[in-house]
file run11.txt (compact mmCIF, C-alpha atoms)
# COMPACT_ATOMS: atom_id res chain seq x y z
CA MET A 58 -21.33 -6.05 9.48
CA LYS A 59 -22.36 -3.74 12.35
CA ARG A 60 -21.82 -0.07 11.69
CA TYR A 61 -22.05 3.05 13.85
CA TYR A 62 -22.37 6.58 12.52
CA TYR A 63 -21.08 9.58 14.48
CA ARG A 64 -21.07 13.30 14.00
CA LEU A 65 -17.84 15.17 14.74
CA ILE A 66 -18.65 17.80 17.31
CA GLY A 67 -16.17 20.22 18.83
CA LEU A 68 -15.27 19.58 22.45
CA ALA A 69 -16.39 22.99 23.66
CA PHE A 70 -19.72 22.69 21.83
CA THR A 71 -20.22 19.19 23.25
CA SER A 72 -19.79 20.47 26.81
CA VAL A 73 -22.38 23.18 26.27
CA LEU A 74 -24.75 20.71 24.64
CA LEU A 75 -24.49 18.20 27.49
CA ALA A 76 -25.17 20.93 30.01
CA ALA A 77 -28.23 22.00 28.07
CA CYS A 78 -29.50 18.42 27.94
CA THR A 79 -29.71 18.27 31.72
CA GLN A 80 -32.34 21.04 31.55
CA GLN A 81 -34.47 19.44 28.79
CA ASP A 82 -37.78 17.76 29.56
CA GLU A 83 -38.03 16.28 26.04
CA PRO A 84 -35.21 14.25 24.49
CA SER A 85 -33.71 15.25 21.18
CA SER A 86 -31.50 13.50 18.67
CA GLU A 87 -28.55 15.52 20.00
CA SER A 88 -29.02 14.45 23.62
CA GLY A 89 -26.36 11.75 23.70
CA GLY A 90 -25.64 9.98 26.96
CA GLN A 91 -25.98 6.30 27.77
CA ARG A 92 -26.87 4.04 24.84
CA LEU A 93 -30.00 1.92 24.93
CA THR A 94 -30.17 -1.38 23.08
CA ILE A 95 -33.41 -1.41 21.08
CA ASP A 96 -35.58 -4.47 20.63
CA PHE A 97 -39.12 -4.96 19.28
CA ASN A 98 -42.33 -6.68 20.37
CA PHE A 99 -44.20 -8.13 17.36
CA THR A 100 -47.12 -9.58 19.32
CA GLY A 101 -50.24 -8.36 17.48
CA ALA A 102 -48.16 -6.98 14.61
CA GLY A 103 -48.75 -7.94 11.01
CA VAL A 104 -48.66 -7.23 7.29
CA THR A 105 -51.46 -5.31 5.56
CA VAL A 106 -53.20 -7.19 2.75
CA ALA A 107 -54.68 -4.86 0.11
CA PRO A 108 -58.39 -5.54 -0.50
CA SER A 109 -60.09 -6.79 -3.64
CA ALA A 110 -63.08 -4.88 -4.98
CA THR A 111 -65.45 -6.86 -2.75
CA ARG A 112 -63.41 -7.23 0.43
CA ALA A 113 -62.03 -4.96 3.10
CA ALA A 114 -58.34 -4.63 3.84
CA ALA A 115 -56.98 -7.16 6.32
CA VAL A 116 -53.82 -7.83 8.28
CA THR A 117 -52.01 -11.16 8.41
CA ASP A 118 -49.89 -11.99 11.46
CA MET A 119 -46.14 -11.71 11.41
CA LYS A 120 -44.33 -15.06 11.33
CA ALA A 121 -41.73 -16.32 13.73
CA GLY A 122 -38.46 -16.74 11.86
CA THR A 123 -38.86 -13.58 9.76
CA GLU A 124 -35.64 -11.59 9.54
CA PHE A 125 -35.65 -7.81 9.14
CA ILE A 126 -33.36 -4.80 8.91
CA VAL A 127 -34.13 -1.61 10.80
CA ARG A 128 -32.36 1.72 10.35
CA ALA A 129 -32.59 4.77 12.63
CA TYR A 130 -32.33 8.26 11.14
CA THR A 131 -32.32 11.84 12.33
CA GLY A 132 -33.52 13.67 9.26
CA ALA A 133 -31.55 12.18 6.37
CA ILE A 134 -28.62 11.15 8.60
CA LEU A 135 -28.22 7.44 9.29
CA VAL A 136 -27.40 6.96 12.98
CA ASP A 137 -27.36 3.18 13.41
CA ASP A 138 -28.85 -0.03 12.03
CA GLY A 139 -29.77 -3.48 13.28
CA ILE A 140 -30.54 -6.93 11.87
CA TYR A 141 -33.05 -9.05 13.79
CA LYS A 142 -35.07 -12.26 13.66
CA ILE A 143 -38.59 -12.60 15.04
CA THR A 144 -38.87 -15.43 17.56
CA ALA A 145 -41.55 -16.76 19.91
CA ASP A 146 -40.61 -16.58 23.58
CA GLY A 147 -41.71 -19.01 26.29
CA SER A 148 -45.04 -17.24 26.77
CA GLY A 149 -45.89 -17.23 23.06
CA LYS A 150 -45.11 -13.56 22.48
CA LEU A 151 -43.34 -12.61 19.23
CA VAL A 152 -40.13 -10.78 20.11
CA SER A 153 -36.99 -9.77 18.25
CA GLU A 154 -33.50 -11.15 18.60
CA PRO A 155 -30.39 -9.76 16.86
CA THR A 156 -29.02 -12.21 14.30
CA ASP A 157 -25.77 -12.02 16.23
CA ALA A 158 -24.50 -10.06 19.21
CA GLY A 159 -23.15 -7.22 17.06
CA ASN A 160 -26.30 -6.64 15.03
CA SER A 161 -28.61 -4.94 17.54
CA LEU A 162 -29.69 -1.32 17.20
CA SER A 163 -28.10 0.88 19.86
CA LEU A 164 -29.14 4.52 20.33
CA THR A 165 -28.57 7.41 22.71
CA ARG A 166 -31.47 9.47 24.01
CA GLY A 167 -33.17 11.36 21.18
CA THR A 168 -35.92 11.41 18.57
CA TYR A 169 -35.53 9.14 15.54
CA ASP A 170 -37.27 7.92 12.42
CA PHE A 171 -37.13 4.13 11.91
CA TYR A 172 -37.33 2.32 8.57
CA PHE A 173 -37.82 -1.47 8.39
CA ILE A 174 -37.43 -3.86 5.46
CA SER A 175 -37.82 -7.63 5.19
CA TYR A 176 -38.41 -10.53 2.83
CA TYR A 177 -41.57 -12.11 4.24
CA PRO A 178 -40.91 -15.86 4.06
CA PRO A 179 -43.38 -18.49 2.80
CA GLU A 180 -44.21 -21.19 5.34
CA SER A 181 -41.79 -23.69 3.75
CA SER A 182 -38.96 -21.25 3.04
CA THR A 183 -35.79 -20.49 4.94
CA PRO A 184 -35.88 -16.80 5.97
CA GLU A 185 -33.43 -14.42 4.36
CA CYS A 186 -32.61 -10.77 4.80
CA PRO A 187 -32.33 -8.11 2.06
CA THR A 188 -28.87 -6.87 1.12
CA VAL A 189 -28.28 -3.13 1.49
CA LYS A 190 -25.65 -1.68 -0.84
CA SER A 191 -23.18 1.04 0.02
CA ASP A 192 -25.42 3.61 -1.72
CA ASN A 193 -28.29 2.73 0.67
CA THR A 194 -30.28 0.85 -1.98
CA VAL A 195 -31.76 -2.65 -2.11
CA GLU A 196 -32.39 -4.49 -5.38
CA VAL A 197 -35.49 -6.71 -5.21
CA ASP A 198 -36.03 -9.49 -7.76
CA ASN A 199 -39.22 -11.16 -8.94
CA GLY A 200 -40.30 -13.93 -6.59
CA LYS A 201 -39.53 -11.96 -3.41
CA ASP A 202 -42.23 -10.80 -0.99
CA PHE A 203 -40.61 -7.50 0.00
CA ILE A 204 -42.29 -5.70 2.92
CA THR A 205 -41.59 -2.44 4.70
CA THR A 206 -42.86 -0.12 7.42
CA SER A 207 -41.67 2.99 9.26
CA ILE A 208 -42.01 4.77 12.57
CA GLN A 209 -41.72 8.55 12.54
CA GLY A 210 -40.61 10.68 15.47
CA MET A 211 -40.00 7.90 18.00
CA LYS A 212 -38.54 9.22 21.27
CA ILE A 213 -35.79 7.09 22.78
CA GLN A 214 -35.10 7.68 26.47
CA SER A 215 -34.64 5.67 29.63
CA ASP A 216 -37.48 5.37 32.14
CA TYR A 217 -35.33 4.52 35.14
CA ASP A 218 -31.70 4.62 36.27
CA GLY A 219 -29.62 1.75 34.97
CA GLN A 220 -31.95 0.95 32.06
CA VAL A 221 -30.03 -0.63 29.16
CA THR A 222 -32.82 -1.87 26.85
CA MET A 223 -35.92 -0.25 25.35
CA THR A 224 -38.67 -2.31 23.70
CA ILE A 225 -40.79 -0.83 20.90
CA PRO A 226 -44.23 -2.44 20.31
CA MET A 227 -44.90 -2.96 16.59
CA ALA A 228 -48.67 -3.65 16.63
CA ALA A 229 -49.42 -0.07 15.54
CA TYR A 230 -46.99 -0.18 12.60
CA PRO A 231 -48.12 -2.90 10.14
CA PHE A 232 -45.82 -3.74 7.24
CA SER A 233 -46.93 -3.29 3.62
CA HIS A 234 -46.25 -5.54 0.61
CA LEU A 235 -44.38 -3.56 -2.07
CA CYS A 236 -44.56 -6.32 -4.69
CA THR A 237 -47.64 -7.76 -6.42
CA ARG A 238 -49.12 -11.12 -5.42
CA VAL A 239 -50.05 -13.36 -8.38
CA LYS A 240 -51.37 -16.85 -8.96
CA ALA A 241 -52.87 -18.87 -11.83
CA THR A 242 -55.94 -21.08 -12.11
CA LEU A 243 -56.60 -23.56 -14.91
CA GLU A 244 -60.29 -24.32 -15.17
CA ILE A 245 -62.00 -26.88 -17.40
CA PRO A 246 -65.75 -26.18 -17.69
CA THR A 247 -68.18 -29.07 -17.58
CA GLU A 248 -69.59 -28.21 -21.02
CA GLN A 249 -66.97 -29.57 -23.46
CA VAL A 250 -67.19 -30.91 -27.01
CA VAL A 251 -64.68 -33.55 -25.93
CA ALA A 252 -64.03 -33.98 -22.22
CA PRO A 253 -60.33 -34.14 -21.23
CA THR A 254 -59.44 -37.10 -19.04
CA ALA A 255 -56.03 -35.98 -17.76
CA ILE A 256 -53.47 -33.15 -17.86
CA GLU A 257 -49.72 -33.75 -18.04
CA LYS A 258 -46.53 -31.65 -18.26
CA ILE A 259 -48.24 -28.32 -17.75
CA SER A 260 -46.31 -25.05 -17.63
CA ILE A 261 -47.83 -21.58 -17.33
CA THR A 262 -45.31 -18.72 -17.19
CA MET A 263 -45.76 -14.95 -16.96
CA ASP A 264 -43.24 -13.17 -19.20
CA ASN A 265 -42.18 -9.61 -20.07
CA LEU A 266 -41.71 -8.53 -16.46
CA PRO A 267 -39.36 -5.88 -15.03
CA GLY A 268 -36.00 -7.36 -14.12
CA ASN A 269 -36.00 -5.90 -10.60
CA ALA A 270 -37.02 -2.94 -8.48
CA THR A 271 -34.97 -0.58 -6.30
CA PHE A 272 -35.75 0.44 -2.73
CA THR A 273 -33.78 3.39 -1.32
CA PHE A 274 -33.27 4.26 2.36
CA PRO A 275 -34.83 6.21 3.98
CA GLY A 276 -38.13 5.43 2.25
CA THR A 277 -41.30 3.38 2.17
CA SER A 278 -41.73 2.57 -1.55
CA PHE A 279 -39.77 1.51 -4.61
CA THR A 280 -37.74 4.27 -6.23
CA GLY A 281 -36.96 2.60 -9.58
CA TYR A 282 -37.72 -0.34 -11.83
CA GLY A 283 -35.63 -2.42 -14.21
CA GLY A 284 -36.51 -2.73 -17.89
CA ARG A 285 -39.12 -5.22 -19.06
CA ALA A 286 -38.02 -8.15 -21.20
CA ASP A 287 -39.43 -11.53 -22.26
CA GLU A 288 -36.65 -13.35 -20.44
CA ASN A 289 -37.82 -11.83 -17.14
CA LYS A 290 -40.44 -14.41 -16.20
CA VAL A 291 -41.94 -16.37 -13.35
CA SER A 292 -43.55 -19.81 -13.31
CA LEU A 293 -47.15 -19.70 -12.12
CA LEU A 294 -48.41 -23.26 -12.55
CA ALA A 295 -46.31 -26.33 -13.31
CA TRP A 296 -46.25 -30.07 -12.86
CA THR A 297 -44.87 -32.98 -14.87
CA GLU A 298 -46.88 -36.01 -13.72
CA LYS A 299 -50.09 -37.17 -15.37
CA LYS A 300 -53.06 -35.96 -13.33
CA LYS A 301 -56.28 -37.78 -14.09
CA ILE A 302 -59.39 -35.62 -13.95
CA THR A 303 -61.66 -37.12 -11.29
CA ALA A 304 -64.77 -36.13 -9.43
CA ALA A 305 -62.53 -34.84 -6.63
CA ASP A 306 -61.23 -32.11 -9.00
CA ALA A 307 -64.72 -30.87 -9.89
CA SER A 308 -66.47 -27.75 -8.61
CA ASP A 309 -69.70 -26.04 -9.61
CA GLY A 310 -69.74 -25.88 -13.40
CA PHE A 311 -66.25 -27.33 -13.86
CA LEU A 312 -64.77 -30.73 -14.55
CA ALA A 313 -61.64 -29.53 -12.78
CA ARG A 314 -59.99 -26.41 -11.37
CA TYR A 315 -56.28 -26.31 -10.52
CA SER A 316 -54.79 -23.29 -8.74
CA SER A 317 -51.16 -22.45 -8.12
CA ALA A 318 -49.57 -21.23 -4.93
CA ASP A 319 -49.20 -17.47 -4.53
CA GLY A 320 -46.10 -15.83 -5.98
CA PHE A 321 -44.74 -12.28 -6.09
CA VAL A 322 -43.59 -10.11 -8.99
CA ILE A 323 -42.33 -6.57 -9.42
CA PRO A 324 -45.23 -4.09 -9.93
CA LEU A 325 -45.63 -2.62 -13.42
CA ASN A 326 -47.71 -0.20 -15.46
CA ASP A 327 -49.88 -1.09 -18.45
CA LYS A 328 -47.73 0.54 -21.15
CA GLU A 329 -46.71 -2.93 -22.33
CA PRO A 330 -48.83 -6.08 -22.21
CA LEU A 331 -48.32 -8.99 -19.87
CA LYS A 332 -47.34 -12.10 -21.80
CA PHE A 333 -48.18 -15.68 -20.85
CA ASN A 334 -46.98 -18.95 -22.33
CA VAL A 335 -49.04 -22.10 -21.73
CA VAL A 336 -47.84 -25.62 -22.57
CA MET A 337 -49.51 -28.91 -21.59
CA ASN A 338 -50.37 -32.41 -22.71
CA VAL A 339 -54.10 -33.07 -22.76
CA TYR A 340 -55.53 -36.61 -22.67
CA TYR A 341 -58.97 -37.54 -24.00
CA LYS A 342 -60.76 -40.63 -25.34
CA ASN A 343 -61.80 -41.18 -28.95
CA SER A 344 -63.85 -43.96 -30.52
CA THR A 345 -60.97 -45.71 -32.31
CA SER A 346 -57.78 -45.41 -30.29
CA GLY A 347 -58.95 -45.24 -26.73
CA GLU A 348 -57.10 -42.61 -24.69
CA VAL A 349 -55.15 -40.15 -26.86
CA CYS A 350 -52.61 -37.48 -25.83
CA LYS A 351 -52.16 -34.18 -27.67
CA ASN A 352 -49.69 -31.41 -26.93
CA PHE A 353 -51.25 -27.98 -26.54
CA THR A 354 -49.26 -24.73 -26.71
CA GLN A 355 -50.64 -21.20 -26.68
CA SER A 356 -49.35 -17.68 -26.00
CA LEU A 357 -51.65 -15.02 -24.61
CA GLU A 358 -51.34 -11.31 -23.86
CA LEU A 359 -53.17 -9.11 -21.41
CA THR A 360 -52.98 -5.36 -20.88
CA LYS A 361 -53.03 -4.96 -17.14
CA ALA A 362 -51.20 -2.85 -14.57
CA LEU A 363 -49.99 -4.79 -11.54
CA LEU A 364 -50.22 -2.54 -8.50
CA PRO A 365 -48.05 -2.81 -5.37
CA GLY A 366 -49.68 -4.85 -2.62
CA LYS A 367 -52.57 -6.04 -4.82
CA SER A 368 -53.38 -9.70 -5.58
CA TYR A 369 -54.33 -11.03 -9.02
CA ASN A 370 -55.53 -14.48 -10.08
CA PHE A 371 -55.00 -15.18 -13.81
CA VAL A 372 -57.73 -17.63 -14.83
CA PHE A 373 -57.13 -19.78 -17.91
CA THR A 374 -60.30 -21.47 -19.24
CA LEU A 375 -59.84 -24.48 -21.51
CA SER A 376 -62.30 -25.43 -24.26
CA TYR A 377 -61.36 -28.77 -25.81
CA TYR A 378 -62.39 -30.26 -29.17
CA GLY A 379 -60.37 -33.47 -29.35
CA ASP A 380 -59.88 -34.62 -32.97
CA TYR A 381 -61.99 -31.84 -34.47
CA THR A 382 -60.24 -28.49 -34.02
CA PRO A 383 -57.42 -27.12 -31.88
CA ALA A 384 -58.16 -26.44 -28.24
CA ASP A 385 -58.93 -22.90 -27.18
CA LEU A 386 -57.74 -21.09 -24.07
CA THR A 387 -59.15 -17.80 -22.80
CA LEU A 388 -57.66 -15.59 -20.09
CA ASN A 389 -59.39 -13.58 -17.42
CA VAL A 390 -57.95 -11.80 -14.38
CA GLN A 391 -59.58 -11.50 -10.98
CA GLU A 392 -58.48 -9.48 -7.97
CA PHE A 393 -58.59 -11.31 -4.67
CA THR A 394 -57.85 -10.80 -1.00
CA PRO A 395 -55.71 -13.72 0.22
CA VAL A 396 -57.17 -13.99 3.70
CA VAL A 397 -58.32 -17.23 5.28
CA LEU A 398 -61.51 -16.50 7.19
CA LYS A 399 -62.37 -18.15 10.50
CA PRO A 400 -65.05 -20.88 10.37
CA GLY A 401 -68.46 -19.32 9.82
CA GLY A 402 -67.02 -16.21 8.13
CA ALA A 403 -68.97 -14.72 5.23
CA GLY A 404 -67.68 -13.63 1.87
CA GLY A 405 -64.81 -16.09 1.61
CA ASP A 406 -62.49 -15.93 -1.38
CA ASP A 407 -62.35 -19.15 -3.40
CA ASN A 408 -60.47 -17.87 -6.46
call {"tool": "encode", "arguments": {"input": "run11.txt", "output": "structure tokens"}}
result
Amino acid sequence: MKRYYYRLIGLAFTSVLLAACTQQDEPSSESGGQRLTIDFNFTGAGVTVAPSATRAAAVTDMKAGTEFIVRAYTGAILVDDGIYKITADGSGKLVSEPTDAGNSLSLTRGTYDFYFISYYPPESSTPECPTVKSDNTVEVDNGKDFITTSIQGMKIQSDYDGQVTMTIPMAAYPFSHLCTRVKATLEIPTEQVVAPTAIEKISITMDNLPGNATFTFPGTSFTGYGGRADENKVSLLAWTEKKKITAADASDGFLARYSSADGFVIPLNDKEPLKFNVVMNVYYKNSTSGEVCKNFTQSLELTKALLPGKSYNFVFTLSYYGDYTPADLTLNVQEFTPVVLKPGGAGGDDN
């Protein structure tokens, strides 16, 4: 619902203030006057991707369809807010449109601080907007790619008589990821006592996560975290069908490597370990029964802090022994920068 926020100012004081404004060269937050509807140009704007140890920071482009909330403040006082969607216009520029006619930001002449929040949508997802509570907080759950940016000291004023709209370019104000990007890779090295022939009904989950995180306006980072518990988990890698291991799955030194899509979790410190649960059916061939299927289950722990905006690939390496001894699974973690380089680029990330 659209909301406006006003200060109660005495009539006599208002008259003096308006008279003073006519003499000012620079606008202030008390200037008042005709309201301008604010919109945003996202052409060239993006989201900062934190670097891995071997890569520089990068920026990924904003996506058409992304919805965002913007709030305008003078100091700690909320003046107005708006809810927008990024769209591509006829010339290919990324511009903002209010989600409905009553959701645009409307401001009088003055100087404001702007705070933006959004859930950055995956390519296949329907965009959604965060929910702001009455206490100016947003609760963010695991699985959400929560992004934010701010503009400090932006002057709002008309450039010509009759102006009703002001456009703010966003290219200089990239968003930041406040959650942690994670993915999983199952790798099966070429050197095996018994070579697996297929994997079926695999599930890799990350457990013992914080339940949620709290963002508070005005701000640019999380202000609180929910308690960690085993039931707070995300699925990293999962499929039910039987996948035969073929030459197409192979890479240097591996019979097969399977990687999940990227997901997002609430950042956490390393006071408690990360917990992982791995379940899968492994097929192999023996000399008497032909192809045999065995269920494999293993829990693993890793002491690792997950930092906001960083990306981590949890690599599970399978050593398989068939009829002889139980299989063994080791866990390693690699930081990565999830940026697709242009053809011919050097230093690409294949984790």
call {"tool": "closest_atom_pairs", "arguments": {"input": "run11.txt", "of": "segment 225-316 of chain A", "to": "segment 377-395 of chain A", "cutoff": "10 Å", "atoms": "only C-alpha atoms", "output": "JSON lines"}}
result
{"residue": "A:Arg238", "atom": "CA", "partner": "A:Pro395", "partner_atom": "CA", "distance": 9.1}
{"residue": "A:Val239", "atom": "CA", "partner": "A:Glu392", "partner_atom": "CA", "distance": 9.3}
{"residue": "A:Lys240", "atom": "CA", "partner": "A:Val390", "partner_atom": "CA", "distance": 9.9}
{"residue": "A:Ala241", "atom": "CA", "partner": "A:Val390", "partner_atom": "CA", "distance": 9.1}
{"residue": "A:Thr242", "atom": "CA", "partner": "A:Val390", "partner_atom": "CA", "distance": 9.8}
{"residue": "A:Leu243", "atom": "CA", "partner": "A:Leu386", "partner_atom": "CA", "distance": 9.6}
{"residue": "A:Glu244", "atom": "CA", "partner": "A:Leu386", "partner_atom": "CA", "distance": 9.8}
{"residue": "A:Ile245", "atom": "CA", "partner": "A:Tyr377", "partner_atom": "CA", "distance": 8.6}
{"residue": "A:Pro246", "atom": "CA", "partner": "A:Tyr377", "partner_atom": "CA", "distance": 9.6}
{"residue": "A:Glu248", "atom": "CA", "partner": "A:Tyr377", "partner_atom": "CA", "distance": 9.5}
{"residue": "A:Gln249", "atom": "CA", "partner": "A:Tyr377", "partner_atom": "CA", "distance": 6.1}
{"residue": "A:Val250", "atom": "CA", "partner": "A:Tyr378", "partner_atom": "CA", "distance": 5.3}
{"residue": "A:Val251", "atom": "CA", "partner": "A:Tyr378", "partner_atom": "CA", "distance": 5.2}
{"residue": "A:Ala252", "atom": "CA", "partner": "A:Tyr377", "partner_atom": "CA", "distance": 6.9}
{"residue": "A:Pro253", "atom": "CA", "partner": "A:Tyr377", "partner_atom": "CA", "distance": 7.1}
call {"tool": "atom_distance", "arguments": {"input": "run11.txt", "atom1": "atom CA of Gly310 of chain A", "atom2": "atom CA of Thr374 of chain A"}}
result
11.9 Å
call {"tool": "residues_around", "arguments": {"input": "run11.txt", "residues": "Leu162 of chain A", "least_positions_apart": "3", "cutoff": "10 Å", "atoms": "only C-alpha atoms", "output": "ChimeraX atom specification"}}
result
/A:59-61,92-96,126-129,136-141,155,159
call {"tool": "closest_residue", "arguments": {"input": "run11.txt", "among": "A:Val372, A:Ala133, A:Ala121, A:Ile323", "to": "Phe203 of chain A", "atoms": "only C-alpha atoms"}}
result
A:Ile323
call {"tool": "closest_atom_pairs", "arguments": {"input": "run11.txt", "of": "segment 353-381 of chain A", "to": "segment 106-111 of chain A", "cutoff": "12 Å", "atoms": "all atoms listed in the file", "output": "tab-separated table"}}
result
residue	atom	partner	partner_atom	distance
A:Leu364	CA	A:Ala107	CA	10.0
A:Pro365	CA	A:Ala107	CA	8.8
A:Gly366	CA	A:Ala107	CA	5.7
A:Lys367	CA	A:Ala107	CA	5.5
A:Ser368	CA	A:Ser109	CA	7.6
A:Tyr369	CA	A:Ser109	CA	8.9
A:Asn370	CA	A:Ser109	CA	11.0
call {"tool": "atom_distance", "arguments": {"input": "run11.txt", "atom1": "atom CA of Ala304 of chain A", "atom2": "atom CA of Ser316 of chain A"}}
result
16.3 Å
call {"tool": "atom_distance", "arguments": {"input": "run11.txt", "atom1": "atom CA of Ser308 of chain A", "atom2": "atom CA of Ile256 of chain A"}}
result
16.8 Å
call {"tool": "residues_near_point", "arguments": {"input": "run11.txt", "point": "(-36.6, 0.0, 5.0)", "cutoff": "8 Å", "atoms": "all atoms listed in the file", "output": "list in words"}}
result
Ile126, Val127, Arg128, Tyr172, Phe173, Ile174, Ser175, Thr205, Thr206, Ser207, Phe272, Thr273, Phe274, Pro275, Gly276 and Thr277 of chain A
call {"tool": "axis_aligned_box", "arguments": {"input": "run11.txt", "around": "segment 154-169 of chain A", "padding_each_side": "4 Å", "output": "lines of an AutoDock Vina configuration file"}}
result
center_x = -29.5
center_y = -0.4
center_z = 19.2
size_x = 20.8
size_y = 31.6
size_z = 17.7
call {"tool": "residues_around", "arguments": {"input": "run11.txt", "residues": "Val339 of chain A", "least_positions_apart": "2", "cutoff": "7 Å", "atoms": "only C-alpha atoms", "output": "list of chain:residue names"}}
result
A:Pro253, A:Ala255, A:Ile256, A:Glu257, A:Met337, A:Tyr341, A:Cys350, A:Lys351, A:Asn352, A:Phe353
call {"tool": "residues_around", "arguments": {"input": "run11.txt", "residues": "Pro178 of chain A", "least_positions_apart": "4", "cutoff": "10 Å", "atoms": "all atoms listed in the file", "output": "JSON, numbers by chain"}}
result
{"A": [119, 120, 121, 122, 123, 124, 182, 183, 184, 185, 186, 201, 202, 203]}
call {"tool": "residues_around", "arguments": {"input": "run11.txt", "residues": "Gly149 of chain A", "least_positions_apart": "5", "cutoff": "12 Å", "atoms": "only C-alpha atoms", "output": "PDB file with C-alpha atoms, in the coordinates of the input"}}
result
ATOM      1  CA  ASN A  98     -42.330  -6.680  20.370  1.00  0.00           C
ATOM      2  CA  PHE A  99     -44.200  -8.130  17.360  1.00  0.00           C
ATOM      3  CA  THR A 100     -47.120  -9.580  19.320  1.00  0.00           C
ATOM      4  CA  GLY A 101     -50.240  -8.360  17.480  1.00  0.00           C
ATOM      5  CA  ALA A 121     -41.730 -16.320  13.730  1.00  0.00           C
ATOM      6  CA  ILE A 143     -38.590 -12.600  15.040  1.00  0.00           C
ATOM      7  CA  THR A 144     -38.870 -15.430  17.560  1.00  0.00           C
TER       8      THR A 144
END
call {"tool": "residues_around", "arguments": {"input": "run11.txt", "residues": "segment 279-285 of chain A", "least_positions_apart": "2", "cutoff": "8 Å", "atoms": "only C-alpha atoms", "output": "list in words"}}
result
Leu235, Asn265, Leu266, Pro267, Gly268, Asn269, Ala270, Thr271, Phe272, Thr273, Thr277, Asp287 and Asn289 of chain A
call {"tool": "build_atoms", "arguments": {"input": "run11.txt", "residues": "segment 296-311 of chain A", "atoms": "N, CA and C atoms", "output": "CSV table (one decimal), in the coordinates of the input"}}
result
chain,number,residue,atom,x,y,z
A,296,TRP,N,-46.5,-28.7,-13.4
A,296,TRP,CA,-46.2,-30.1,-12.9
A,296,TRP,C,-45.9,-31.0,-14.0
A,297,THR,N,-45.3,-32.1,-13.8
A,297,THR,CA,-44.9,-33.0,-14.9
A,297,THR,C,-45.7,-34.3,-14.9
A,298,GLU,N,-46.2,-34.7,-13.8
A,298,GLU,CA,-46.9,-36.0,-13.7
A,298,GLU,C,-48.2,-35.9,-14.4
A,299,LYS,N,-48.8,-37.1,-14.8
A,299,LYS,CA,-50.1,-37.2,-15.4
A,299,LYS,C,-51.1,-37.1,-14.3
A,300,LYS,N,-52.0,-36.1,-14.3
A,300,LYS,CA,-53.1,-36.0,-13.3
A,300,LYS,C,-54.4,-36.3,-14.0
A,301,LYS,N,-55.0,-37.4,-13.6
A,301,LYS,CA,-56.3,-37.8,-14.1
A,301,LYS,C,-57.4,-36.9,-13.5
A,302,ILE,N,-58.3,-36.5,-14.4
A,302,ILE,CA,-59.4,-35.6,-14.0
A,302,ILE,C,-60.5,-36.5,-13.3
A,303,THR,N,-60.7,-36.3,-12.0
A,303,THR,CA,-61.7,-37.1,-11.3
A,303,THR,C,-62.7,-36.2,-10.7
A,304,ALA,N,-63.7,-36.9,-10.1
A,304,ALA,CA,-64.8,-36.1,-9.4
A,304,ALA,C,-64.2,-35.2,-8.3
A,305,ALA,N,-63.1,-35.6,-7.7
A,305,ALA,CA,-62.5,-34.8,-6.6
A,305,ALA,C,-62.0,-33.5,-7.1
A,306,ASP,N,-61.7,-33.4,-8.4
A,306,ASP,CA,-61.2,-32.1,-9.0
A,306,ASP,C,-62.4,-31.1,-9.3
A,307,ALA,N,-63.6,-31.7,-9.4
A,307,ALA,CA,-64.7,-30.9,-9.9
A,307,ALA,C,-65.2,-29.8,-8.9
A,308,SER,N,-65.8,-28.7,-9.4
A,308,SER,CA,-66.5,-27.8,-8.6
A,308,SER,C,-67.7,-27.3,-9.4
A,309,ASP,N,-68.5,-26.4,-8.9
A,309,ASP,CA,-69.7,-26.0,-9.6
A,309,ASP,C,-69.4,-25.5,-11.0
A,310,GLY,N,-69.9,-26.3,-12.0
A,310,GLY,CA,-69.7,-25.9,-13.4
A,310,GLY,C,-68.4,-26.3,-14.0
A,311,PHE,N,-67.6,-27.0,-13.3
A,311,PHE,CA,-66.2,-27.3,-13.9
A,311,PHE,C,-65.9,-28.8,-13.7
